[in-house]
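Beneath this line is the structure, given in structure tokens, with notes to follow.
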2 protein chains.
Amino acid sequence: MSRWEPNARGRLEQAAMALYAECGFEQTTVAEIAARAGLTERTFFRHFADKREVLFYGAPALQELVVSTVASAPDTAAPIDAVAAAVQAAAALLQERRDGARLRQAIIAANPELQERELIKLANLASALAGALRERGVSEPAASLTAEAGVAVFRNAFARWIGDPGEQDFPRLIRESLDALKAVTGGT
Amino acid sequence: MSRWEPNARGRLEQAAMALYAECGFEQTTVAEIAARAGLTERTFFRHFADKREVLFYGAPALQELVVSTVASAPDTAAPIDAVAAAVQAAAALLQERRDGARLRQAIIAANPELQERELIKLANLASALAGALRERGVSEPAASLTAEAGVAVFRNAFARWIGDPGEQDFPRLIRESLDALKAVTGGT
């Protein structure tokens, strides 16, 4: 934010994540986060509205990526394929931050309030995806159901990606989960 | 709960729902609910832990119905069909209480805290459904994805059932939403 605070946001985020993991989200104070980052509380509040926002500030960018990927899919793409491409783009982005994503997930899993927030984030993502599909001319209920299917596939693949200690390819897990969903709903 | 308070629970529920709808959930106090029902606060707390529980006390029974329907599906039933039967059983139950369900939904839609609670309820329902499928020998990720698909279909049909002022058949809307999901994921 200024030349006296190089990468303040990144330092605050790193300090916050470490403290949430070590001491718990509830127990950690903004004063402790700022101290660990070698910055002031005032600087913290220039970058984040509150403790929780450290964990969720990336959500709008992720949603924007997903929506724009749907919007830019070829006209000929089936809705489910446009959505699959969108959640794969999100997966590729998260793939670059695997350790951070795993740590964040562990912090959220330990706190009911954060779990609620995460569920809302995913519900908002599904709504935005459905809106992007309607923009492409997909009617209801197909638009909402395709969006829900995409988010279900994303969550399922995410849980497997986070849960498996071996090096794993998140976008490939998305394809696998989508194939599994097609198989279970295929009525074959 | 005693012969001096016939149907206290039902009277409290009815009073609470009316006040939530008229004045808003946040603005309504337990004292007001009890007064409107002609009962005491003490009696309210014998039946409900707090204001919110009036809106959610039915969730465990609904979940139990859904899980037991999956468990009792024929061995030959495909997982998606067992889940479809389960959410249709839930739909048939709600169908009998349409006005109450619509009022409840309007109250929840007006309050972010209640929306969070509703999302958690549905996430728990999906987890319970996935568990019931694993009990039937369905492996992961198919069990979780089938459960998520079932809940997505339920939510989608519920929104259409609540949103349409005309008399509608909720279990039929479930079938329609399931068919739409199959069509969008069919890869055809």
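Scheme for the structure tokens: letters A, B, ... for chains in order shown; per-chain residue numbers from 1; ligand numbers from 1 in order shown.
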
_Within 8 Å of Ala31 (chain A) using only C-alpha atoms, minus same-chain residues under 2 positions, as a list in words_ = Thr29, Ile33, Ala34, Ala35, Thr40 and Glu41 of chain A

Selected residues written out with C-alpha atoms, as an mmCIF file, in the first residue's frame:
data_model
loop_
_atom_site.group_PDB
_atom_site.id
_atom_site.type_symbol
_atom_site.label_atom_id
_atom_site.label_comp_id
_atom_site.auth_asym_id
_atom_site.auth_seq_id
_atom_site.Cartn_x
_atom_site.Cartn_y
_atom_site.Cartn_z
ATOM 1 C CA THR A 29 -6.932 -11.378 17.326
ATOM 2 C CA ILE A 33 -1.949 -10.947 13.207
ATOM 3 C CA ALA A 34 -0.546 -7.452 12.732
ATOM 4 C CA ALA A 35 2.243 -8.044 15.271
ATOM 5 C CA THR A 40 -0.034 -2.240 12.661
ATOM 6 C CA GLU A 41 -3.727 -3.030 13.208
#

*Test item: chain B residues at most 7 Å from chain A, counting only C-alpha atoms, as a PyMOL selection string*: chain B and resi 80+116+119-120+141-142+145-146+148-149+152+177+180-182+184-186

Please provide the set of residues having any atom within 6 Å of region 82-91 of chain A, restricted to only C-alpha atoms, with same-chain residues fewer than 6 positions apart removed, written as an mmCIF file with N, CA, C and O atoms, in the first residue's frame.
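See part09.cif below for the written result:
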data_model
loop_
_atom_site.group_PDB
_atom_site.id
_atom_site.type_symbol
_atom_site.label_atom_id
_atom_site.label_comp_id
_atom_site.auth_asym_id
_atom_site.auth_seq_id
_atom_site.Cartn_x
_atom_site.Cartn_y
_atom_site.Cartn_z
ATOM 1 N N VAL A 66 -15.052 -17.850 -13.110
ATOM 2 C CA VAL A 66 -15.994 -18.904 -13.488
ATOM 3 C C VAL A 66 -17.067 -18.355 -14.434
ATOM 4 O O VAL A 66 -17.374 -18.954 -15.474
ATOM 5 N N THR A 69 -15.630 -17.503 -17.866
ATOM 6 C CA THR A 69 -15.327 -18.708 -18.643
ATOM 7 C C THR A 69 -16.598 -19.263 -19.295
ATOM 8 O O THR A 69 -16.585 -19.665 -20.461
ATOM 9 N N VAL A 70 -17.690 -19.246 -18.549
ATOM 10 C CA VAL A 70 -18.967 -19.678 -19.138
ATOM 11 C C VAL A 70 -19.360 -18.741 -20.284
ATOM 12 O O VAL A 70 -19.770 -19.182 -21.360
ATOM 13 N N ALA A 73 -17.406 -19.371 -23.529
ATOM 14 C CA ALA A 73 -17.420 -20.708 -24.145
ATOM 15 C C ALA A 73 -18.015 -20.608 -25.556
ATOM 16 O O ALA A 73 -18.840 -19.734 -25.821
ATOM 17 N N GLY A 150 -22.514 -28.389 -11.600
ATOM 18 C CA GLY A 150 -21.123 -27.931 -11.704
ATOM 19 C C GLY A 150 -20.500 -27.679 -10.343
ATOM 20 O O GLY A 150 -19.355 -28.069 -10.089
ATOM 21 N N PHE A 170 -5.825 -31.498 -9.976
ATOM 22 C CA PHE A 170 -7.181 -31.071 -9.621
ATOM 23 C C PHE A 170 -8.095 -31.011 -10.856
ATOM 24 O O PHE A 170 -9.213 -31.570 -10.825
ATOM 25 N N PRO A 171 -7.661 -30.378 -11.964
ATOM 26 C CA PRO A 171 -8.546 -30.376 -13.134
ATOM 27 C C PRO A 171 -8.925 -31.793 -13.611
ATOM 28 O O PRO A 171 -10.049 -32.018 -14.049
#

*Expressed in Å to a single decimal, how great is the separation between CA of Arg11 (chain A) and CA of Ala37 (chain A)?*
5.5 Å

_Near-Ala110 (chain A) list (12 Å; only C-alpha atoms; drop same-chain fewer than 6 positions) as a list in words_ =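 Within the cut-off, the hits are Tyr20, Ala21, Glu22, Cys23, Gly24, Phe25, Glu26, Leu103, Arg104 and Glu116 of chain A.
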
Those same residues - N, CA and C atoms - I'd like them written as a CSV table (one decimal), in the first residue's frame.
chain,number,residue,atom,x,y,z
A,20,TYR,N,-4.3,-18.8,12.6
A,20,TYR,CA,-5.6,-19.5,12.6
A,20,TYR,C,-5.3,-21.0,12.7
A,21,ALA,N,-4.2,-21.4,12.0
A,21,ALA,CA,-3.9,-22.9,12.1
A,21,ALA,C,-3.3,-23.3,13.4
A,22,GLU,N,-2.5,-22.4,14.0
A,22,GLU,CA,-1.9,-22.8,15.3
A,22,GLU,C,-2.8,-22.6,16.5
A,23,CYS,N,-3.5,-21.5,16.5
A,23,CYS,CA,-4.3,-21.1,17.7
A,23,CYS,C,-5.8,-21.3,17.5
A,24,GLY,N,-6.3,-21.4,16.3
A,24,GLY,CA,-7.7,-21.4,16.0
A,24,GLY,C,-8.1,-20.1,15.6
A,25,PHE,N,-9.2,-20.0,14.7
A,25,PHE,CA,-9.6,-18.8,14.1
A,25,PHE,C,-10.2,-17.9,15.2
A,26,GLU,N,-11.0,-18.4,16.1
A,26,GLU,CA,-11.7,-17.6,17.1
A,26,GLU,C,-10.7,-17.0,18.1
A,103,LEU,N,-4.4,-25.6,3.8
A,103,LEU,CA,-4.4,-24.9,5.1
A,103,LEU,C,-5.7,-24.2,5.3
A,104,ARG,N,-6.2,-23.4,4.3
A,104,ARG,CA,-7.5,-22.7,4.4
A,104,ARG,C,-8.6,-23.7,4.7
A,116,GLU,N,-20.3,-22.1,7.5
A,116,GLU,CA,-21.5,-21.4,7.0
A,116,GLU,C,-21.2,-20.4,5.9
